[in-house]
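Colleague: The structure is given below, and queries will be raised subsequently.
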Amino acid sequence: MASARYACADATGLHKICEQTRAAGGTLQALWASDERDRDGGFRLWIALGDAEGLLLLELPLAAERPEYPDLSDLFPAAAHLQRATHDLLGVRAVRGDSRPWLRHAAWPEGTFPLRRDLPAETSYPAANDAYPFVRVTGEGVHEIAVGPVHAGTIEPGHFRFSAVGEKVLRLEVRLGYAHKGIEKRFESLSVLEGQRLAARVCGDSAVAFSWAYCMALEGMCGTLLPERTLRLRALLLERERLANHLGDLGALGNDAGFAMGLTQFSRLKEELLRMNARVFGSRYPMDAVIPGGVAADLTEAARRELLEAVTPLENEITILRNIYADHSGLQDRFTGTGRITPALAAQLGLRGLAGRASGQPGDLRCDHPCAPYDKLAVRRVTQTGGDVAARVAVRFAEAQESLRLCRVILESLPSGEVQVPLRKPDDFLPGSGWIEGWRGPVLVFLQASKDGRIRRCHPHDPSWQNWPVVEHAIIGNIVADFPLINKSFNLSYSGVDL
């Protein structure tokens, strides 16, 4: 990825740039704020936009008293949750935006903002009542079904409030943020070299993507160039992370549609992949394989051959299972037409990643703004236009096979060279950003540091922020019993939007 462009704007200019970006087909990548009162007496609002040239970071200075900015949810619907979270954490408010709390859940008092610099991280508060104003749907025969936040099995907490007539869903409102972990506050107690370990744990199924995005931000700040072998090993790790998640989801989707054999077979394939990770990289989920300045360990020749020899058998098994899924009338009956998001609605709501590509939104950073080594790998873009569960399943199958092809190319042409280089300490740490196409969609990490190398602000952004509101639309007109299948077809992160 080319270096991000930076621009400073006032409130009027910010809204105008966002309007122009939206009109040109650009997207909102992230929105967050920082407390700069100890430097210049105010706050900062940051907006990350994606356009044809790459990543544009906009900085809006805000006053210390009444820090406000124009509501952007009219241009980018996904901004609504981001703006609410920014207010909960820093007290920076979108004028005329949705003022309901998003992350607070009465875990801290109203008017207290935990990401402000004058509030210690160790602060604790007494429990309080939380009367959240859900949107009510009224009318003859309308009833509510409340699901969560505690769910059966090993799943993070989230509340789903269905308004339905009989089994048909009229509206869904999702509420998240029940296990707020204080990750962004924790970053501020770490050095820039220590931050990668925390970034890798923002969202466990995207550990490589977040690690790489964090390291990309830091390495850009330091002006560090990495050897080709290092970059290819990072891409190998990222594609195996993508593959592991697609294998797991394809099995779970089969199971949610009543096809237990799909779960059994894909679970076996995923387990074999994870065991190979443990043998080759030292961990089933290699959270700390990507480190500042390179990768933690080199790949031996024996390990390279083992990984390469495993590609073809896995390709063959995925092809067999793909044909079984396609020919199974029961599965196709459940998948086809369920949870449809049309390309027009996907574009309006800003749907991204694999779910977006299943609804005609072609964005893939590996193709559009490829960082090394993807600029030399010629990634084949995968898209569908159906926008239903069947389309999202088809994208997963095709992307799994493309990841295997990329793994083969990387392993067959892996150059010699170093896998770690020292980071140069700059005279001053300018803001840095990393932007990586994770398995779920684009992952962004924004990083600021002080002159002594301590993290001043780190904002990791998961694409689930943009996609959760789309799930609320996907269920409309479907029956309540189809929600687990629709929800799994997106498989969004609870943890990644609860920082």
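To be explicit about the labels: the chains of the structure tokens are called A, B, and onward in the order shown, and within each one the residues are counted from 1, while ligands get numbers from 1 in the order they are shown.
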Residues at most 9 Å from Lys168 (chain A), counting only C-alpha atoms, excluding those fewer than 5 positions away in the same chain, as a count of residues only?
Modeller: 6
Colleague: Would you mind listing what lies within 10 Å of region 396-408 of chain A as a count of residues only, with only C-alpha atoms counted and same-chain residues fewer than 4 positions away left out?
Modeller: 49
Colleague: Counting only C-alpha atoms, what is within 10 Å of Asp74 (chain A), bar same-chain residues fewer than 4 positions away, as a list in words?
Modeller: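 Contacts, in chain order: Glu19, Ala78, Ala79, Ala80 and Gly97 of chain A.
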Colleague: Can I get the selected residues back with C-alpha atoms, as a PDB file, in the first residue's frame?
Modeller:
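Written file, part11.pdb:
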ATOM      1  CA  GLU A  19     -19.398  14.458   0.259  1.00  0.00           C
ATOM      2  CA  ALA A  78     -21.759   3.149   9.250  1.00  0.00           C
ATOM      3  CA  ALA A  79     -20.533   6.368  10.893  1.00  0.00           C
ATOM      4  CA  ALA A  80     -23.440   6.259  13.362  1.00  0.00           C
ATOM      5  CA  GLY A  97     -26.272  12.478  15.410  1.00  0.00           C
TER       6      GLY A  97
END
Colleague: Identify, on the basis of only C-alpha atoms, every residue whose closest approach to Tyr325 (chain A) does not exceed 12 Å; exclude the query and any residue fewer than 3 positions from it along the same chain; express the result as a JSON list (two decimals) with C-alpha atoms, in the first residue's frame.
Modeller:
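The new file result33.json reads:
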[["chain", "number", "residue", "atom", "x", "y", "z"],
["A", 250, "LEU", "CA", -18.09, -23.24, 5.53],
["A", 251, "GLY", "CA", -18.51, -26.08, 8.00],
["A", 253, "LEU", "CA", -22.84, -22.78, 7.55],
["A", 254, "GLY", "CA", -23.47, -26.35, 6.48],
["A", 255, "ASN", "CA", -24.35, -27.25, 10.06],
["A", 257, "ALA", "CA", -28.55, -25.49, 7.39],
["A", 258, "GLY", "CA", -28.89, -29.02, 8.80],
["A", 259, "PHE", "CA", -25.95, -30.63, 7.00],
["A", 260, "ALA", "CA", -23.79, -31.96, 9.82],
["A", 261, "MET", "CA", -21.44, -33.78, 7.45],
["A", 262, "GLY", "CA", -20.25, -30.39, 6.18],
["A", 263, "LEU", "CA", -19.30, -29.33, 9.69],
["A", 265, "GLN", "CA", -15.43, -32.46, 7.11],
["A", 266, "PHE", "CA", -14.51, -28.79, 7.25],
["A", 318, "ILE", "CA", -12.32, -28.33, -1.01],
["A", 319, "THR", "CA", -13.34, -28.96, -4.63],
["A", 320, "ILE", "CA", -15.13, -32.18, -3.65],
["A", 321, "LEU", "CA", -16.98, -30.44, -0.80],
["A", 322, "ARG", "CA", -17.83, -27.48, -3.03],
["A", 328, "HIS", "CA", -27.31, -30.70, -2.13],
["A", 329, "SER", "CA", -30.89, -29.53, -2.67],
["A", 330, "GLY", "CA", -31.54, -29.06, 1.05],
["A", 331, "LEU", "CA", -28.56, -26.78, 1.48],
["A", 332, "GLN", "CA", -29.33, -24.76, -1.62],
["A", 333, "ASP", "CA", -32.94, -24.36, -0.51],
["A", 334, "ARG", "CA", -31.73, -22.82, 2.77],
["A", 335, "PHE", "CA", -28.95, -20.74, 1.21],
["A", 336, "THR", "CA", -30.60, -19.32, -1.90],
["A", 390, "ALA", "CA", -25.48, -18.74, -1.21],
["A", 393, "VAL", "CA", -20.77, -19.26, 0.63],
["A", 394, "ALA", "CA", -19.61, -19.13, -2.99],
["A", 397, "PHE", "CA", -15.15, -21.34, -1.50]]
Colleague: List every residue of region 11-61 of chain A that DSSP, applied to the backbone of this structure, assigns to alpha helix (DSSP H), and report them as a ChimeraX atom specification.
Modeller: /A:11-23,37-40
Colleague: Could you tell me which of A:Ala52, A:Ala209, A:Leu190, A:Ala474 comes closest to Val169 (chain A) if we count only C-alpha atoms?
Modeller: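 The shortest atom-to-atom distance to Val169 (chain A) comes from A:Ala474.
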Colleague: For Gln20 (chain A), please output as a PyMOL selection string all residues within 12 Å (counting only C-alpha atoms; exclusion window: fewer than 6 positions along the same chain).
Modeller: chain A and resi 13-14+26-28+49-51+75
Colleague: To one decimal place, how far is CA of Gln448 (chain A) from CA of Pro431 (chain A) in Å?
Modeller: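 CA of Gln448 (chain A) sits 4.8 Å away from CA of Pro431 (chain A).
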Colleague: Do a neighbour search on region 117-128 of chain A at 12 Å with only C-alpha atoms, toss out local chain neighbours closer than 3 positions, and write the hits as a VMD selection string.
Modeller: chain A and resid 34 to 39 41 to 43 89 to 90 104 to 110 112 to 114 131 181 to 189 456 to 457
